[in-house]
Structures are given as C-alpha cells and as structure tokens.
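**Q** So that we are looking at the same thing, I have put the structure below in structure tokens.
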Amino acid sequence: MTAPLIRIEALGKRFQSGGGLFARPRAMMAVRDVTLSVGKGEVLGVVGESGCGKSTLARLVLRLIEPTSGRVTFDGTEITALSPPALRRMRRRMAMVFQDPYSSLDPRYTLADVLAEPFRVQNEPLPANRVEAMLAAVGLPAALAGNHPHQLSGGQRQRVGIARALALRPDFVVLDEPTASLDVSIQAQIIALLADLRDRLGLSYLFISHDLGLVRYFCDRIVVMYLGAVVEVLPDTATAPRHPYTQALMESNFAPDPARRRAIEPLSGEIPSPFALPPGCAFAARCPRASDLCRRQPPALDGDATHPVACFHPL
Ligand SMILES: Nc1ncnc2c1ncn2[C@@H]1O[C@H](COP(=O)(O)OP(=O)(O)OP(=O)(O)O)[C@@H](O)[C@H]1O
Ligand code: SF4
Ligand SMILES: [Mg+2]
C-alpha cells in the first residue's frame with residue numbers, strides 16, 4: 001500500500017434511540033472500534049449488509065458527525081481535533097457523493113447554482129468557466145448549466161453529484177453507494193467515469209457498497225463490515241476470503257442469475273440485534289464454524305496484518 005492519506009484509529013459511534021413516556025432509550029454502537037487507512041491514490045472498498053454501519057463510518061471519516069471514541073487523521077492532521085474554521089478549510093480537500101442523486105440535489109437550484117455552491121461555502125470566488133469545465137469533466141454538455149435537476153436523467157444527476165464533489169479539487173472522496181439507485185448499464189458508465197477521474201486527478205476513494213461483486217471490480221483493497229465492526233480486510237481483489245461471513249457474502253454475490261442473487265440468504269440464522277450483541281463473536285449465530293470459544297469471547301482483528309481477519313477459525 002502507498003503512504004496513507006487517511007488514518008482511522010479505534011473509531012466508535014454510539015447512537016441512542018427510542019425513549020419516551022413508557023420506553024427507556026436504548027443505545028447501540030453503529031461503528032465499533034474501527035482501525036483502517038486509505039492510501040494516496042487508493043480505492044478502498046467497504047462492503048456489508050444494510051445497517052452494518054457503512055454510512056455512519058463515512059460520515060465519521062469526514063467528521064459530518066462526531067465520533068464517540070477514536071480519531072481520524074487526514075494527511076497528518078487530526079481532523080477529529082480541529083476547530084470549526086480549521087475543519088471548514090480542511091473540508092475542501094474531502095468530499096462525498098451520496099447514494100441518491102434525487103434527494104441530494106436541491107430542486108430549486110440550476111446546475112450552475114449547484115456547482116457554484118461549494119465555492120460560496122468556502123467564501124471563494126467562482127473561477128471563470130469553472131461550471132462548464134466541471135460539467136465537461138463528468139461528460140455533460142455545458143448547455144445543461146441552466147437546467148434544474150428534475151430535467152435530467154438519474155445517471156446525469158449522479159454526474160452532477162460527482163462534479164459538485166470535485167468542484168474544489170479534493171484529494172479524497174467518499175462514495176456512499178453512488179450507483180445503488182441506477183440501472184445496471186448506467187451504473188457501469190458511472191463506475192467508468194469514477195475510475196477515469198481517479199486516474200486523471202490522482203484521487204483517493206472510500207467506496208461503499210453492499211455489492212461485493214462491484215467492490216471487487218472497482219477497489220484495490222476491501223473492508224468487510226458486520227454489525228459495526230470490521231471482520232476482514234482483503235488485501236487485493238484476487239485473494240480468497242478467510243472470514244466465514246465474507247465467504248457467505250461472496251457466494252450470494254456471485255450467483256450467476258441476478259434474480260437469484262437477492263433470493264439467496266448468505267447464511268441461515270438470526271442477525272443479532274445491534275442493541276443486544278452477544279458476548280462472543282457477533283456472527284456466531286449464523287456461522288457454520290462457530291465453537292464454544294466463539295460464543296464466549298469476541299475475536300480480535302490484527303490491524304497490522306496484511307490480511308486481517310477477526311475469526312478464531314478462519315478458512
Ligand atoms: N442518527 C442515527 N440515530 C440512531 N441510529 C442511527 C442513526 N444513523 C444510523 N443509525 C443506526 O446505525 C446503524 C448503522 O446505520 P448505517 O446507516 O451506517 O448503515 P449502512 O451500512 O449505511 O446501511 P445501508 O446499507 O442500508 O445504507 C443502523 O442500525 C441504523 O439504524
Ligand atoms: S470467530 Fe467463530 S463464530 Fe465468529 S466467524 Fe469465526 S468461526 Fe465463526
Ligand atoms: Mg448507508
């Protein structure tokens with residue numbers, strides 16, 4: 001791996017929910033003790049089922065929400081310790097592309113307004129011809145600048161979302177399921193655009209998806225999350241998984257018929273409630289290899305290994 005641009009150390013996020021007249025509030029850890037780094041120019045994939053904490057991790061990394069524990073360092077500066085003005089200056093080097101281009105673009109804005117906004121937030125003048133250049137960079141004609149988001153197709157809207165993220169020329173972009181709401185053919189075009197932009201602009205990406213097949217196609221290394229914790233980091237896309245959960249995800253993802261993919265349950269067994277995690281391995285109830293040790297003690301992840309696996313009996 002290249003020198004890290006982002007270092008995430010022992011990051012945790014606790015959410016409290018519920019609580020009312022008769023109910024006590026309940027707490028859960030949406031992100032549990034996550035340690036990771038993203039290299040310069042690297043595409044780090046994060047994969048896991050719905051609710052496993054991918055978006056929470058993404059927001060923590062950009063400090064859009066405050067961590068309960070741990071820290072994030074960006075290019076040598078601890079962003080979890082910055083004052084609000086220093087954080088705002090640092091933010092120009094980081095950006096996020098959201099899953100749903102329909103709700104992430106303000107319908108009242110024209111594309112020119114959308115693309116000028118990052119400059120307004122930073123109190124910077126908009127450079128001449130920048131809107132046209134940004135549209136061109138994501139493959140959209142300059143003539144669209146006066147249009148509103150509802151006049152565009154889903155793929156075009158996501159191109160605008162990408163152009164907005166790149167407006168201030170960041171080094172690092174979090175892509176939170178950027179193609180999940182698009183048709184498969186459009187998805188391929190957006191992934192090709194993202195790959196091209198990475199090469200041309202030397203970007204680093206944190207690419208979030210629940211589709212392990214897509215992550216394997218696009219990413220350099222792959223982080224697998226289960227119930228808020230990292231269970232495995234695949235060092236490349238060719239290495240076979242060693243964690244039983246990754247193995248199960250892989251089998252469900254590579255079912256040849258896409259209609260069957262959704263039908264296949266990765267493994268039987270209940271997912272534990274995040275509000276009441278078992279004392280041992282969180283995957284034990286679904287794992288064919290589970291032993292007494294697994295049910296008693298949580299397996300640790302060796303963050304320094306090239307292929308870390310949090311499992312007592314890996315494949
Ligand atoms: N603001 C919040 N308050 C309380 N709980 C939250 C909050 N945001 C997220 N959660 C909970 O934290 C857990 C992780 O949510 P998160 O959105 O990070 O998952 P995800 O992996 O991105 O899921 P998806 O694939 O569906 O987008 C979920 O159980 C969710 O209900
Ligand atoms: S630690 Fe045990 S229960 Fe957990 S994944 Fe490994 S074998 Fe399965
Ligand atoms: Mg999410």
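Going through the structure tokens in order, the chains are called A, B, and so on, while each chain numbers its residues from 1 and the ligands are numbered from 1 in the order shown.
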Neighbouring residues of ligand 3 are defined here as those with any atom at most 9 Å from a ligand atom, counting only C-alpha atoms and all ligand atoms; list them as a PyMOL selection string.

**A** chain A and resi 50-56+58+99+176-177+208-210

**Q** Which residues are near ligand 2 in this structure, taking near to mean any atom at most 10 Å from a ligand atom and counting only C-alpha atoms and all ligand atoms? Format them as a PyMOL selection string.

**A** chain A and resi 231+242-246+280-300+309-315

**Q** Identify, on the basis of only C-alpha atoms, every residue whose closest approach to A:Leu197 does not exceed 10 Å; exclude the query and any residue fewer than 3 positions from it along the same chain; express the result as a list in words.

**A**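 In the requested format, the answer is Ala137, Val138, Ile162, Leu166, Ile191, Ala192, Leu193, Leu194, Arg200, Leu201, Gly202 and Leu203 of chain A.
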
**Q** Could you please take those selected residues and save C-alpha atoms as a CSV table (one decimal), in the first residue's frame?

**A**
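So part.csv came out as:
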chain,number,residue,atom,x,y,z
A,137,ALA,CA,-15.1,16.7,-16.7
A,138,VAL,CA,-18.1,14.5,-15.9
A,162,ILE,CA,-19.8,13.9,-8.8
A,166,LEU,CA,-14.9,17.5,-7.2
A,191,ILE,CA,-18.1,3.5,-12.4
A,192,ALA,CA,-16.0,4.0,-15.6
A,193,LEU,CA,-16.3,7.8,-15.0
A,194,LEU,CA,-15.1,7.4,-11.4
A,200,ARG,CA,-6.6,11.8,-14.1
A,201,LEU,CA,-6.9,13.7,-10.8
A,202,GLY,CA,-5.0,11.3,-8.6
A,203,LEU,CA,-7.9,10.9,-6.2

**Q** Return as a PyMOL selection string the full set of residues in stretch 170-268 of chain A whose backbone-based DSSP assignment is alpha helix (DSSP H).

**A** chain A and resi 184-201+212-218+244-253+258-263

**Q** Store the residues picked out above in a file with C-alpha atoms, as a PDB file, in the first residue's frame.

**A**
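Resulting contents of out_38.pdb:
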ATOM      1  CA  VAL A 184     -27.057  -1.628 -14.320  1.00  0.00           C
ATOM      2  CA  SER A 185     -25.960  -0.129 -17.683  1.00  0.00           C
ATOM      3  CA  ILE A 186     -25.852   3.399 -16.231  1.00  0.00           C
ATOM      4  CA  GLN A 187     -24.058   2.036 -13.168  1.00  0.00           C
ATOM      5  CA  ALA A 188     -21.239   0.758 -15.412  1.00  0.00           C
ATOM      6  CA  GLN A 189     -20.882   4.210 -17.020  1.00  0.00           C
ATOM      7  CA  ILE A 190     -20.666   5.946 -13.650  1.00  0.00           C
ATOM      8  CA  ILE A 191     -18.054   3.458 -12.382  1.00  0.00           C
ATOM      9  CA  ALA A 192     -16.021   4.019 -15.568  1.00  0.00           C
ATOM     10  CA  LEU A 193     -16.257   7.797 -15.014  1.00  0.00           C
ATOM     11  CA  LEU A 194     -15.126   7.450 -11.382  1.00  0.00           C
ATOM     12  CA  ALA A 195     -12.180   5.258 -12.419  1.00  0.00           C
ATOM     13  CA  ASP A 196     -11.169   7.758 -15.099  1.00  0.00           C
ATOM     14  CA  LEU A 197     -11.393  10.708 -12.671  1.00  0.00           C
ATOM     15  CA  ARG A 198      -9.307   8.841 -10.130  1.00  0.00           C
ATOM     16  CA  ASP A 199      -6.568   8.255 -12.700  1.00  0.00           C
ATOM     17  CA  ARG A 200      -6.641  11.774 -14.102  1.00  0.00           C
ATOM     18  CA  LEU A 201      -6.897  13.673 -10.802  1.00  0.00           C
ATOM     19  CA  LEU A 212     -19.250  -7.335  -3.185  1.00  0.00           C
ATOM     20  CA  GLY A 213     -19.064  -8.079  -6.916  1.00  0.00           C
ATOM     21  CA  LEU A 214     -18.949  -4.363  -7.749  1.00  0.00           C
ATOM     22  CA  VAL A 215     -16.438  -3.676  -4.975  1.00  0.00           C
ATOM     23  CA  ARG A 216     -14.190  -6.468  -6.222  1.00  0.00           C
ATOM     24  CA  TYR A 217     -14.303  -4.982  -9.696  1.00  0.00           C
ATOM     25  CA  PHE A 218     -13.527  -1.406  -8.693  1.00  0.00           C
ATOM     26  CA  PRO A 244     -16.915 -17.165   7.054  1.00  0.00           C
ATOM     27  CA  TYR A 245     -19.074 -14.039   6.670  1.00  0.00           C
ATOM     28  CA  THR A 246     -17.065 -12.751   3.676  1.00  0.00           C
ATOM     29  CA  GLN A 247     -17.285 -16.230   2.181  1.00  0.00           C
ATOM     30  CA  ALA A 248     -21.068 -16.187   2.572  1.00  0.00           C
ATOM     31  CA  LEU A 249     -21.336 -12.693   1.054  1.00  0.00           C
ATOM     32  CA  MET A 250     -19.216 -13.818  -1.867  1.00  0.00           C
ATOM     33  CA  GLU A 251     -21.380 -16.862  -2.542  1.00  0.00           C
ATOM     34  CA  SER A 252     -24.558 -14.795  -2.522  1.00  0.00           C
ATOM     35  CA  ASN A 253     -22.992 -12.157  -4.770  1.00  0.00           C
ATOM     36  CA  PRO A 258     -29.109 -11.622 -10.754  1.00  0.00           C
ATOM     37  CA  ALA A 259     -32.709 -12.541  -9.894  1.00  0.00           C
ATOM     38  CA  ARG A 260     -31.420 -15.365  -7.712  1.00  0.00           C
ATOM     39  CA  ARG A 261     -28.769 -13.205  -6.058  1.00  0.00           C
ATOM     40  CA  ARG A 262     -31.317 -11.462  -3.945  1.00  0.00           C
ATOM     41  CA  ALA A 263     -33.095 -14.735  -3.215  1.00  0.00           C
TER      42      ALA A 263
END

**Q** Report the residues of stretch 137-238 of chain A whose backbone DSSP state falls under strand (DSSP E), written as a CSV table (one decimal) with all heavy atoms, in the first residue's frame.

**A**
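selection-v8.csv was written with the following content:
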chain,number,residue,atom,x,y,z
A,172,PHE,N,-9.6,13.5,-1.6
A,172,PHE,CA,-10.2,12.3,-1.1
A,172,PHE,C,-11.7,12.4,-1.2
A,172,PHE,O,-12.3,13.5,-0.9
A,172,PHE,CB,-9.9,12.2,0.4
A,172,PHE,CG,-10.6,11.1,1.1
A,172,PHE,CD1,-10.4,9.8,0.8
A,172,PHE,CD2,-11.4,11.4,2.2
A,172,PHE,CE1,-11.0,8.7,1.5
A,172,PHE,CE2,-12.0,10.3,2.9
A,172,PHE,CZ,-11.8,9.0,2.5
A,173,VAL,N,-12.4,11.4,-1.8
A,173,VAL,CA,-13.8,11.4,-2.0
A,173,VAL,C,-14.4,10.1,-1.4
A,173,VAL,O,-14.0,9.0,-1.7
A,173,VAL,CB,-14.2,11.5,-3.5
A,173,VAL,CG1,-15.7,11.6,-3.6
A,173,VAL,CG2,-13.5,12.7,-4.1
A,174,VAL,N,-15.5,10.3,-0.6
A,174,VAL,CA,-16.2,9.2,-0.1
A,174,VAL,C,-17.4,9.0,-1.0
A,174,VAL,O,-18.2,9.9,-1.3
A,174,VAL,CB,-16.8,9.4,1.3
A,174,VAL,CG1,-17.7,8.3,1.8
A,174,VAL,CG2,-15.6,9.6,2.3
A,175,LEU,N,-17.5,7.8,-1.6
A,175,LEU,CA,-18.6,7.4,-2.5
A,175,LEU,C,-19.5,6.5,-1.8
A,175,LEU,O,-19.2,5.3,-1.5
A,175,LEU,CB,-18.0,6.8,-3.7
A,175,LEU,CG,-16.9,7.6,-4.5
A,175,LEU,CD1,-16.1,6.7,-5.4
A,175,LEU,CD2,-17.5,8.7,-5.3
A,176,ASP,N,-20.7,7.0,-1.3
A,176,ASP,CA,-21.6,6.1,-0.5
A,176,ASP,C,-22.7,5.5,-1.4
A,176,ASP,O,-23.7,6.2,-1.7
A,176,ASP,CB,-22.2,7.0,0.6
A,176,ASP,CG,-22.9,6.1,1.6
A,176,ASP,OD1,-23.0,4.8,1.4
A,176,ASP,OD2,-23.5,6.6,2.6
A,204,SER,N,-8.1,9.7,-4.1
A,204,SER,CA,-8.3,8.5,-3.3
A,204,SER,C,-9.8,8.4,-3.0
A,204,SER,O,-10.4,9.4,-2.7
A,204,SER,CB,-7.5,8.7,-1.9
A,204,SER,OG,-6.2,9.0,-2.2
A,205,TYR,N,-10.3,7.2,-3.0
A,205,TYR,CA,-11.7,7.0,-2.7
A,205,TYR,C,-11.9,6.0,-1.6
A,205,TYR,O,-11.2,5.0,-1.4
A,205,TYR,CB,-12.4,6.3,-3.9
A,205,TYR,CG,-12.6,7.1,-5.2
A,205,TYR,CD1,-12.5,6.4,-6.4
A,205,TYR,CD2,-12.8,8.4,-5.2
A,205,TYR,CE1,-12.6,7.1,-7.6
A,205,TYR,CE2,-13.0,9.1,-6.4
A,205,TYR,CZ,-12.9,8.5,-7.6
A,205,TYR,OH,-13.1,9.1,-8.8
A,206,LEU,N,-13.0,6.3,-0.8
A,206,LEU,CA,-13.6,5.3,0.1
A,206,LEU,C,-14.9,4.9,-0.6
A,206,LEU,O,-15.8,5.8,-0.7
A,206,LEU,CB,-13.8,5.9,1.5
A,206,LEU,CG,-14.3,4.9,2.5
A,206,LEU,CD1,-13.2,4.0,3.0
A,206,LEU,CD2,-14.8,5.7,3.8
A,207,PHE,N,-15.0,3.7,-1.1
A,207,PHE,CA,-16.1,3.3,-1.9
A,207,PHE,C,-17.0,2.4,-1.2
A,207,PHE,O,-16.6,1.2,-0.9
A,207,PHE,CB,-15.6,2.7,-3.2
A,207,PHE,CG,-16.7,2.2,-4.2
A,207,PHE,CD1,-17.3,3.1,-5.0
A,207,PHE,CD2,-17.1,0.9,-4.2
A,207,PHE,CE1,-18.3,2.7,-5.9
A,207,PHE,CE2,-18.1,0.5,-5.1
A,207,PHE,CZ,-18.7,1.4,-5.9
A,208,ILE,N,-18.2,2.8,-0.9
A,208,ILE,CA,-19.1,2.0,0.0
A,208,ILE,C,-20.2,1.3,-0.9
A,208,ILE,O,-20.8,1.9,-1.8
A,208,ILE,CB,-19.8,2.9,1.0
A,208,ILE,CG1,-18.8,3.4,2.0
A,208,ILE,CG2,-21.0,2.2,1.7
A,208,ILE,CD1,-19.3,4.5,2.9
A,209,SER,N,-20.4,0.0,-0.6
A,209,SER,CA,-21.4,-0.7,-1.4
A,209,SER,C,-21.9,-1.9,-0.6
A,209,SER,O,-21.2,-2.4,0.2
A,209,SER,CB,-20.8,-1.1,-2.7
A,209,SER,OG,-21.7,-1.9,-3.5
A,221,ARG,N,-8.3,-2.5,-2.2
A,221,ARG,CA,-8.5,-3.4,-1.0
A,221,ARG,C,-10.0,-3.3,-0.6
A,221,ARG,O,-10.7,-2.4,-0.9
A,221,ARG,CB,-7.6,-2.9,0.1
A,221,ARG,CG,-6.1,-3.2,0.0
A,221,ARG,CD,-5.4,-2.8,1.2
A,221,ARG,NE,-5.6,-1.4,1.6
A,221,ARG,CZ,-5.7,-0.9,2.8
A,221,ARG,NH1,-5.6,-1.7,3.8
A,221,ARG,NH2,-5.9,0.4,3.0
A,222,ILE,N,-10.4,-4.3,0.2
A,222,ILE,CA,-11.8,-4.4,0.5
A,222,ILE,C,-12.0,-4.7,2.0
A,222,ILE,O,-11.4,-5.6,2.6
A,222,ILE,CB,-12.5,-5.6,-0.3
A,222,ILE,CG1,-12.4,-5.3,-1.8
A,222,ILE,CG2,-14.0,-5.7,0.1
A,222,ILE,CD1,-12.7,-6.6,-2.6
A,223,VAL,N,-12.7,-3.8,2.6
A,223,VAL,CA,-13.0,-3.9,4.1
A,223,VAL,C,-14.4,-4.5,4.2
A,223,VAL,O,-15.4,-4.0,3.6
A,223,VAL,CB,-13.0,-2.5,4.7
A,223,VAL,CG1,-13.5,-2.6,6.1
A,223,VAL,CG2,-11.7,-1.9,4.6
A,224,VAL,N,-14.6,-5.6,5.0
A,224,VAL,CA,-15.9,-6.2,5.2
A,224,VAL,C,-16.3,-5.9,6.6
A,224,VAL,O,-15.6,-6.1,7.6
A,224,VAL,CB,-15.8,-7.7,5.0
A,224,VAL,CG1,-17.1,-8.4,5.1
A,224,VAL,CG2,-15.2,-8.0,3.6
A,225,MET,N,-17.5,-5.3,6.7
A,225,MET,CA,-18.1,-4.9,8.0
A,225,MET,C,-19.3,-5.8,8.3
A,225,MET,O,-20.1,-6.2,7.5
A,225,MET,CB,-18.6,-3.5,8.0
A,225,MET,CG,-17.5,-2.5,8.0
A,225,MET,SD,-18.1,-0.8,8.1
A,225,MET,CE,-18.6,-0.6,9.8
A,226,TYR,N,-19.4,-6.1,9.6
A,226,TYR,CA,-20.6,-6.9,10.1
A,226,TYR,C,-20.9,-6.2,11.5
A,226,TYR,O,-20.1,-6.2,12.4
A,226,TYR,CB,-20.2,-8.3,10.3
A,226,TYR,CG,-21.4,-9.2,10.7
A,226,TYR,CD1,-22.4,-9.4,9.7
A,226,TYR,CD2,-21.6,-9.7,11.9
A,226,TYR,CE1,-23.5,-10.2,10.0
A,226,TYR,CE2,-22.7,-10.5,12.2
A,226,TYR,CZ,-23.6,-10.7,11.3
A,226,TYR,OH,-24.8,-11.5,11.6
A,229,ALA,N,-18.5,-3.6,13.0
A,229,ALA,CA,-17.1,-3.9,13.2
A,229,ALA,C,-16.5,-4.4,11.9
A,229,ALA,O,-17.2,-5.0,11.0
A,229,ALA,CB,-16.9,-4.9,14.3
A,230,VAL,N,-15.2,-4.2,11.7
A,230,VAL,CA,-14.5,-4.7,10.5
A,230,VAL,C,-14.2,-6.2,10.9
A,230,VAL,O,-13.6,-6.5,11.9
A,230,VAL,CB,-13.2,-4.0,10.3
A,230,VAL,CG1,-12.4,-4.7,9.2
A,230,VAL,CG2,-13.5,-2.5,9.9
A,231,VAL,N,-14.6,-7.1,10.0
A,231,VAL,CA,-14.3,-8.5,10.2
A,231,VAL,C,-13.2,-9.1,9.3
A,231,VAL,O,-12.5,-10.1,9.7
A,231,VAL,CB,-15.6,-9.4,10.1
A,231,VAL,CG1,-16.6,-9.1,11.1
A,231,VAL,CG2,-16.1,-9.4,8.7
A,232,GLU,N,-12.9,-8.4,8.2
A,232,GLU,CA,-11.8,-8.8,7.4
A,232,GLU,C,-11.4,-7.7,6.5
A,232,GLU,O,-12.3,-6.8,6.1
A,232,GLU,CB,-12.3,-10.0,6.5
A,232,GLU,CG,-11.2,-10.5,5.5
A,232,GLU,CD,-11.5,-11.9,5.0
A,232,GLU,OE1,-12.7,-12.4,5.0
A,232,GLU,OE2,-10.6,-12.6,4.5
A,233,VAL,N,-10.1,-7.6,6.1
A,233,VAL,CA,-9.7,-6.6,5.1
A,233,VAL,C,-9.0,-7.5,4.0
A,233,VAL,O,-7.9,-8.0,4.3
A,233,VAL,CB,-8.7,-5.6,5.6
A,233,VAL,CG1,-8.3,-4.6,4.5
A,233,VAL,CG2,-9.4,-4.8,6.8
A,234,LEU,N,-9.6,-7.6,2.8
A,234,LEU,CA,-8.9,-8.3,1.7
A,234,LEU,C,-7.9,-7.4,1.1
A,234,LEU,O,-8.1,-6.3,0.7
A,234,LEU,CB,-10.0,-8.7,0.7
A,234,LEU,CG,-11.0,-9.7,1.1
A,234,LEU,CD1,-12.2,-9.8,0.1
A,234,LEU,CD2,-10.4,-11.1,1.2

**Q** Give the answer as one residue: which of A:Gly12, A:Pro274, A:Pro127, A:Pro107 has the shortest atom-to-atom distance to ligand 1, using only C-alpha atoms and all ligand atoms?

**A**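 Of all the options, A:Pro274 lies closest to ligand 1.
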
**Q** Which of these, A:Leu182, A:Ala23, A:Val160, A:Val121, has the shortest distance to A:Leu140 once you count only C-alpha atoms?

**A**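 Among the listed residues, the smallest separation from A:Leu140 belongs to A:Val160.
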
**Q** Counting only C-alpha atoms, figure out which residue out of A:Thr77, A:Gln151, A:Ser181, A:Ser17 gets nearest to A:Leu5.

**A**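 Looking only at the distances to A:Leu5, the closest residue turns out to be A:Thr77.
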
**Q** Do you have the atom CA of A:Met134-atom CA of A:Ser37 distance handy?

**A**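 These two atoms are separated by 29.0 Å.
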
**Q** Pick from A:Pro25, A:Pro141, A:Gly19, A:Gly41: nearest to A:Ile6, with only C-alpha atoms counted?

**A**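 Using only C-alpha atoms, A:Ile6 sits closest to A:Gly41.
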